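Everything below belongs to run.csv, which stores CSV, C-alpha atoms.
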```
chain,number,residue,atom,x,y,z
O,1,MET,CA,-0.6,26.6,-17.7
O,2,ARG,CA,-4.1,25.1,-17.4
O,3,ILE,CA,-3.3,22.7,-20.3
O,4,CYS,CA,-0.2,21.4,-18.5
O,5,VAL,CA,-2.2,21.0,-15.2
O,6,PHE,CA,-4.9,19.0,-17.0
O,7,ALA,CA,-2.3,17.0,-18.9
O,8,LEU,CA,-0.6,16.1,-15.6
O,9,ALA,CA,-3.9,15.2,-14.0
O,10,GLY,CA,-4.9,13.1,-17.0
O,11,ALA,CA,-1.6,11.3,-17.0
O,12,CYS,CA,-2.1,10.5,-13.2
O,13,LEU,CA,-5.6,9.2,-13.9
O,14,PHE,CA,-4.4,7.0,-16.8
O,15,LEU,CA,-1.4,5.8,-14.9
O,16,PHE,CA,-3.2,4.6,-11.8
O,17,SER,CA,-6.4,3.3,-13.4
O,18,GLY,CA,-4.8,1.0,-15.9
O,19,VAL,CA,-5.4,-2.7,-15.8
O,20,SER,CA,-2.6,-5.0,-14.5
O,21,ALA,CA,-0.3,-6.4,-17.2
O,22,HIS,CA,-0.3,-10.2,-17.6
O,23,GLY,CA,3.3,-10.4,-16.4
O,24,GLN,CA,2.4,-8.8,-13.1
O,25,THR,CA,0.6,-11.8,-11.7
O,26,PRO,CA,2.9,-13.9,-9.5
O,27,PRO,CA,3.9,-17.3,-10.8
O,28,LYS,CA,2.1,-20.2,-9.2
O,29,ALA,CA,4.3,-22.9,-7.5
O,30,SER,CA,4.1,-26.2,-9.3
O,31,SER,CA,2.8,-29.0,-7.2
O,32,GLY,CA,6.1,-31.0,-7.6
O,33,HIS,CA,8.3,-28.2,-6.2
O,34,LEU,CA,8.2,-26.2,-3.0
O,35,GLN,CA,9.8,-22.8,-3.6
O,36,ASP,CA,12.2,-21.4,-1.1
O,37,ALA,CA,10.7,-18.4,0.7
O,38,SER,CA,14.0,-16.5,0.5
O,39,GLU,CA,14.1,-16.8,-3.3
O,40,ASP,CA,10.6,-15.2,-3.8
O,41,LYS,CA,11.2,-12.2,-1.5
O,42,ASP,CA,11.5,-8.9,-3.2
O,43,PRO,CA,13.8,-6.3,-1.5
O,44,VAL,CA,12.3,-4.0,1.1
O,45,ALA,CA,13.9,-1.1,-0.7
O,46,ILE,CA,15.9,-0.5,-3.9
O,47,LEU,CA,18.8,2.1,-3.9
O,48,GLU,CA,19.6,3.8,-7.2
O,49,LEU,CA,23.2,5.2,-7.5
O,50,GLY,CA,24.2,6.8,-10.7
O,51,ALA,CA,24.5,9.9,-12.8
O,52,ALA,CA,22.0,12.3,-14.3
O,53,THR,CA,22.0,14.9,-17.1
O,54,THR,CA,19.4,17.5,-17.9
O,55,TRP,CA,18.9,19.9,-20.8
O,56,ASN,CA,16.7,23.1,-20.6
O,57,LEU,CA,14.4,23.2,-23.6
O,58,SER,CA,14.7,27.0,-23.9
O,59,GLY,CA,18.4,26.8,-24.5
O,60,GLY,CA,21.6,26.3,-22.6
O,61,ALA,CA,24.1,23.6,-22.2
O,62,ALA,CA,23.4,20.2,-20.7
O,63,THR,CA,24.4,19.7,-17.1
O,64,PHE,CA,25.6,16.6,-15.3
O,65,ALA,CA,25.2,15.4,-11.7
O,66,PRO,CA,25.4,12.4,-9.4
O,67,ASN,CA,21.9,10.9,-8.8
O,68,PHE,CA,20.8,9.2,-5.6
O,69,ALA,CA,17.3,7.7,-5.0
O,70,ALA,CA,15.5,5.1,-2.9
O,71,GLU,CA,12.4,3.2,-3.9
O,72,VAL,CA,9.8,1.2,-1.9
O,73,THR,CA,6.6,-0.7,-2.9
O,74,PRO,CA,3.6,0.1,-0.7
O,75,ILE,CA,1.1,-1.7,-3.0
O,76,GLU,CA,2.5,-4.7,-4.9
O,77,ASN,CA,2.0,-4.4,-8.7
O,78,TRP,CA,0.3,-1.0,-8.4
O,79,LEU,CA,2.4,1.6,-6.7
O,80,GLU,CA,6.0,2.3,-6.1
O,81,LEU,CA,7.4,5.4,-4.4
O,82,GLU,CA,10.7,6.9,-5.4
O,83,ALA,CA,12.5,9.8,-3.6
O,84,GLY,CA,15.6,11.1,-5.2
O,85,VAL,CA,18.1,14.0,-5.3
O,86,SER,CA,20.5,15.3,-7.9
O,87,PRO,CA,22.9,18.1,-7.1
O,88,PHE,CA,24.0,20.0,-10.3
O,89,TYR,CA,27.0,22.2,-10.1
O,90,THR,CA,28.2,24.7,-12.8
O,91,ARG,CA,30.7,27.5,-12.7
O,92,ASN,CA,28.0,30.1,-11.9
O,93,SER,CA,25.3,28.1,-10.1
O,94,THR,CA,24.3,25.3,-7.8
O,95,GLU,CA,21.0,23.5,-8.3
O,96,TRP,CA,19.5,20.7,-6.1
O,97,ASP,CA,16.6,18.8,-7.7
O,98,THR,CA,14.6,16.7,-5.2
O,99,ASP,CA,11.7,14.6,-6.4
O,100,LEU,CA,9.0,12.2,-5.2
O,101,LEU,CA,7.6,10.0,-7.9
O,102,PHE,CA,4.5,7.9,-7.8
O,103,LYS,CA,5.1,5.0,-10.2
O,104,LYS,CA,3.0,2.3,-11.7
O,105,PRO,CA,5.1,-0.9,-12.4
O,106,TRP,CA,4.9,-3.4,-15.2
O,107,THR,CA,6.9,-6.6,-15.1
O,108,ILE,CA,8.2,-7.4,-18.6
O,109,SER,CA,10.1,-10.5,-17.6
O,110,ARG,CA,12.1,-11.8,-14.6
O,111,LYS,CA,15.0,-9.7,-15.7
O,112,ALA,CA,13.2,-6.5,-16.9
O,113,GLU,CA,10.7,-4.0,-15.5
O,114,PHE,CA,9.2,-0.8,-16.7
O,115,MET,CA,7.6,1.9,-14.5
O,116,LEU,CA,5.9,5.1,-15.4
O,117,GLY,CA,5.8,7.8,-12.8
O,118,ILE,CA,4.7,11.3,-12.0
O,119,GLY,CA,5.2,13.6,-9.1
O,120,PRO,CA,6.3,16.9,-7.6
O,121,GLU,CA,9.9,18.2,-7.7
O,122,TRP,CA,11.5,20.8,-5.5
O,123,ILE,CA,14.2,22.9,-7.1
O,124,TYR,CA,16.7,24.8,-5.0
O,125,LEU,CA,18.9,27.2,-7.2
O,126,LYS,CA,21.7,29.4,-6.1
O,127,GLN,CA,22.9,31.6,-9.0
O,128,ASN,CA,25.0,34.7,-9.0
O,129,GLY,CA,24.4,35.1,-5.2
O,130,LYS,CA,20.6,34.9,-5.5
O,131,THR,CA,18.8,31.9,-4.1
O,132,THR,CA,15.4,30.7,-5.4
O,133,ASN,CA,13.1,27.8,-4.5
O,134,SER,CA,10.5,26.5,-7.0
O,135,ILE,CA,8.1,23.6,-7.5
O,136,ALA,CA,7.9,21.6,-10.7
O,137,GLY,CA,6.1,18.5,-12.0
O,138,GLU,CA,8.0,15.5,-13.3
O,139,LEU,CA,7.0,12.7,-15.6
O,140,ALA,CA,9.5,9.8,-15.8
O,141,GLY,CA,9.9,6.4,-17.4
O,142,ASP,CA,12.0,3.9,-15.5
O,143,PHE,CA,13.6,0.8,-17.2
O,144,MET,CA,15.1,-1.6,-14.7
O,145,PHE,CA,17.3,-4.5,-15.7
O,146,TRP,CA,18.2,-7.4,-13.3
O,147,PRO,CA,20.8,-9.7,-15.0
O,148,THR,CA,20.4,-12.6,-12.7
O,149,GLY,CA,16.6,-12.4,-12.4
O,150,LYS,CA,16.9,-11.8,-8.7
O,151,HIS,CA,16.3,-8.2,-7.5
O,152,ARG,CA,19.7,-7.9,-5.7
O,153,LEU,CA,21.9,-6.1,-8.2
O,154,GLY,CA,21.0,-4.5,-11.5
O,155,TRP,CA,21.0,-1.3,-13.5
O,156,TYR,CA,18.5,1.3,-14.7
O,157,LEU,CA,17.8,4.0,-17.3
O,158,GLU,CA,15.3,6.8,-16.4
O,159,PRO,CA,14.3,9.4,-19.0
O,160,ALA,CA,12.3,12.3,-17.6
O,161,TYR,CA,10.5,15.5,-18.5
O,162,ASP,CA,10.2,18.4,-16.0
O,163,TYR,CA,7.8,21.4,-16.0
O,164,SER,CA,8.5,24.3,-13.6
O,165,PHE,CA,5.6,26.1,-12.1
O,166,ALA,CA,7.8,29.1,-11.4
O,167,ARG,CA,7.8,32.3,-13.5
O,168,GLY,CA,9.0,31.5,-17.0
O,169,HIS,CA,7.7,27.9,-16.8
O,170,GLN,CA,11.0,26.3,-17.8
O,171,GLN,CA,10.8,22.9,-19.3
O,172,SER,CA,13.6,20.3,-19.4
O,173,ILE,CA,14.3,16.8,-20.4
O,174,GLY,CA,16.9,14.5,-18.8
O,175,MET,CA,18.2,11.1,-18.4
O,176,SER,CA,19.6,9.3,-15.4
O,177,GLY,CA,21.2,5.8,-15.2
O,178,GLY,CA,23.3,3.7,-12.9
O,179,LEU,CA,23.4,0.8,-10.5
O,180,LEU,CA,20.4,-0.8,-8.6
O,181,ILE,CA,21.0,-2.3,-5.2
O,182,GLY,CA,18.3,-4.3,-3.5
O,183,ILE,CA,18.1,-4.0,0.3
O,184,PRO,CA,16.8,-7.3,1.7
```
Would you mind writing the structure in this file as structure tokens?
Amino acid sequence: MRICVFALAGACLFLFSGVSAHGQTPPKASSGHLQDASEDKDPVAILELGAATTWNLSGGAATFAPNFAAEVTPIENWLELEAGVSPFYTRNSTEWDTDLLFKKPWTISRKAEFMLGIGPEWIYLKQNGKTTNSIAGELAGDFMFWPTGKHRLGWYLEPAYDYSFARGHQQSIGMSGGLLIGIP
């Protein structure tokens, strides 16, 4: 348990103390062209609509769910916040995973971004008539692709690792992916 807590704390420290990547500096306008202000504007928020799958590392079948999330940027090039939810339904149980990720973004190109995030996750599970709530930690990578280079419409892939702090300390890996919609 202590090793996992120290690993999560170390990952947070590494994540948010890293130096900015070269691609994160905004391009300077050339003296011959005036850029349109509306072209430069990033969206106020980005919606993620897609599907998710998760697999418990201690065994069991993979489960699938819809995935909904919203992302905002409080500190440009340093911090993005993502809140998301995935409702998993099986024959014997219902599970709602709700997370808040603190992400460090890196711009690879005009059309691709990568973010590494960590944060808490709340898990609500109703199984065989019994309801439980638990807290977990989540570590996720987020690959975002913008085909036109403008952050209006794109797609994403987000692999994740979850570690539950409840009894049994279940661990799982998952993947979500889908459509990105920029809100101007």
Atom CA of Asn133 of chain O to atom CA of Gly177 of chain O, straight-line distance in Å: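 Those two atoms sit 25.8 Å apart.
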For Leu101 of chain O, the nearest of the candidates O:Ala51, O:Trp146, O:Asp162, O:Lys130, counting only C-alpha atoms: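 Comparing O:Ala51, O:Trp146, O:Asp162, O:Lys130 against Leu101 of chain O, the winner is O:Asp162.
Atom CA of Leu125 of chain O is found 27.0 Å from atom CA of Tyr156 of chain O.
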Between atom CA of Ala140 of chain O and atom CA of Ala65 of chain O, distance in Å (one decimal):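 Separating atom CA of Ala140 of chain O from atom CA of Ala65 of chain O is a distance of 17.2 Å.
Ranking O:Tyr89, O:Tyr161, O:Tyr124, O:Phe102 by their shortest atom-to-atom distance to Leu57 of chain O, with all atoms listed in the file included, puts O:Tyr161 first.
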Contacts of Lys111 of chain O at 10 Å (all atoms listed in the file; same-chain gap of 3+ positions) as a list of chain:residue names: O:Thr107, O:Ile108, O:Met144, O:Phe145, O:Trp146, O:Pro147, O:Thr148, O:Gly149, O:Lys150, O:His151, O:Gly154
Could you add N, CA, C and O atoms to segment 59-73 of chain O and give me the result as an mmCIF file, in the frame of the given file?
```
data_model
loop_
_atom_site.group_PDB
_atom_site.id
_atom_site.type_symbol
_atom_site.label_atom_id
_atom_site.label_comp_id
_atom_site.auth_asym_id
_atom_site.auth_seq_id
_atom_site.Cartn_x
_atom_site.Cartn_y
_atom_site.Cartn_z
ATOM 1 N N GLY O 59 17.011 26.469 -24.082
ATOM 2 C CA GLY O 59 18.400 26.800 -24.500
ATOM 3 C C GLY O 59 19.350 26.494 -23.319
ATOM 4 O O GLY O 59 18.961 26.222 -22.197
ATOM 5 N N GLY O 60 20.611 26.596 -23.627
ATOM 6 C CA GLY O 60 21.600 26.300 -22.600
ATOM 7 C C GLY O 60 22.273 24.993 -22.812
ATOM 8 O O GLY O 60 21.801 24.151 -23.574
ATOM 9 N N ALA O 61 23.366 24.810 -22.102
ATOM 10 C CA ALA O 61 24.100 23.600 -22.200
ATOM 11 C C ALA O 61 23.535 22.496 -21.286
ATOM 12 O O ALA O 61 22.875 22.802 -20.294
ATOM 13 N N ALA O 62 23.799 21.268 -21.609
ATOM 14 C CA ALA O 62 23.400 20.200 -20.700
ATOM 15 C C ALA O 62 24.254 20.200 -19.474
ATOM 16 O O ALA O 62 25.420 20.591 -19.516
ATOM 17 N N THR O 63 23.662 19.821 -18.346
ATOM 18 C CA THR O 63 24.400 19.700 -17.100
ATOM 19 C C THR O 63 24.390 18.314 -16.595
ATOM 20 O O THR O 63 23.477 17.548 -16.901
ATOM 21 N N PHE O 64 25.404 17.960 -15.817
ATOM 22 C CA PHE O 64 25.600 16.600 -15.300
ATOM 23 C C PHE O 64 25.672 16.613 -13.813
ATOM 24 O O PHE O 64 26.182 17.569 -13.232
ATOM 25 N N ALA O 65 25.219 15.505 -13.171
ATOM 26 C CA ALA O 65 25.200 15.400 -11.700
ATOM 27 C C ALA O 65 25.203 13.975 -11.262
ATOM 28 O O ALA O 65 24.749 13.100 -11.996
ATOM 29 N N PRO O 66 25.635 13.727 -10.020
ATOM 30 C CA PRO O 66 25.400 12.400 -9.400
ATOM 31 C C PRO O 66 23.879 12.311 -9.140
ATOM 32 O O PRO O 66 23.189 13.328 -9.014
ATOM 33 N N ASN O 67 23.372 11.094 -9.047
ATOM 34 C CA ASN O 67 21.900 10.900 -8.800
ATOM 35 C C ASN O 67 21.801 9.797 -7.729
ATOM 36 O O ASN O 67 22.405 8.724 -7.841
ATOM 37 N N PHE O 68 21.025 10.097 -6.688
ATOM 38 C CA PHE O 68 20.800 9.200 -5.600
ATOM 39 C C PHE O 68 19.269 9.059 -5.398
ATOM 40 O O PHE O 68 18.578 10.081 -5.351
ATOM 41 N N ALA O 69 18.742 7.833 -5.254
ATOM 42 C CA ALA O 69 17.300 7.700 -5.000
ATOM 43 C C ALA O 69 17.070 6.363 -4.251
ATOM 44 O O ALA O 69 17.899 5.453 -4.258
ATOM 45 N N ALA O 70 15.924 6.309 -3.590
ATOM 46 C CA ALA O 70 15.500 5.100 -2.900
ATOM 47 C C ALA O 70 14.028 4.855 -3.299
ATOM 48 O O ALA O 70 13.238 5.793 -3.452
ATOM 49 N N GLU O 71 13.697 3.577 -3.463
ATOM 50 C CA GLU O 71 12.400 3.200 -3.900
ATOM 51 C C GLU O 71 11.784 2.112 -3.047
ATOM 52 O O GLU O 71 12.491 1.175 -2.666
ATOM 53 N N VAL O 72 10.507 2.251 -2.713
ATOM 54 C CA VAL O 72 9.800 1.200 -1.900
ATOM 55 C C VAL O 72 8.476 0.917 -2.634
ATOM 56 O O VAL O 72 8.000 1.679 -3.476
ATOM 57 N N THR O 73 7.890 -0.232 -2.275
ATOM 58 C CA THR O 73 6.600 -0.700 -2.900
ATOM 59 C C THR O 73 5.548 -0.821 -1.839
ATOM 60 O O THR O 73 5.436 -1.853 -1.178
#
```
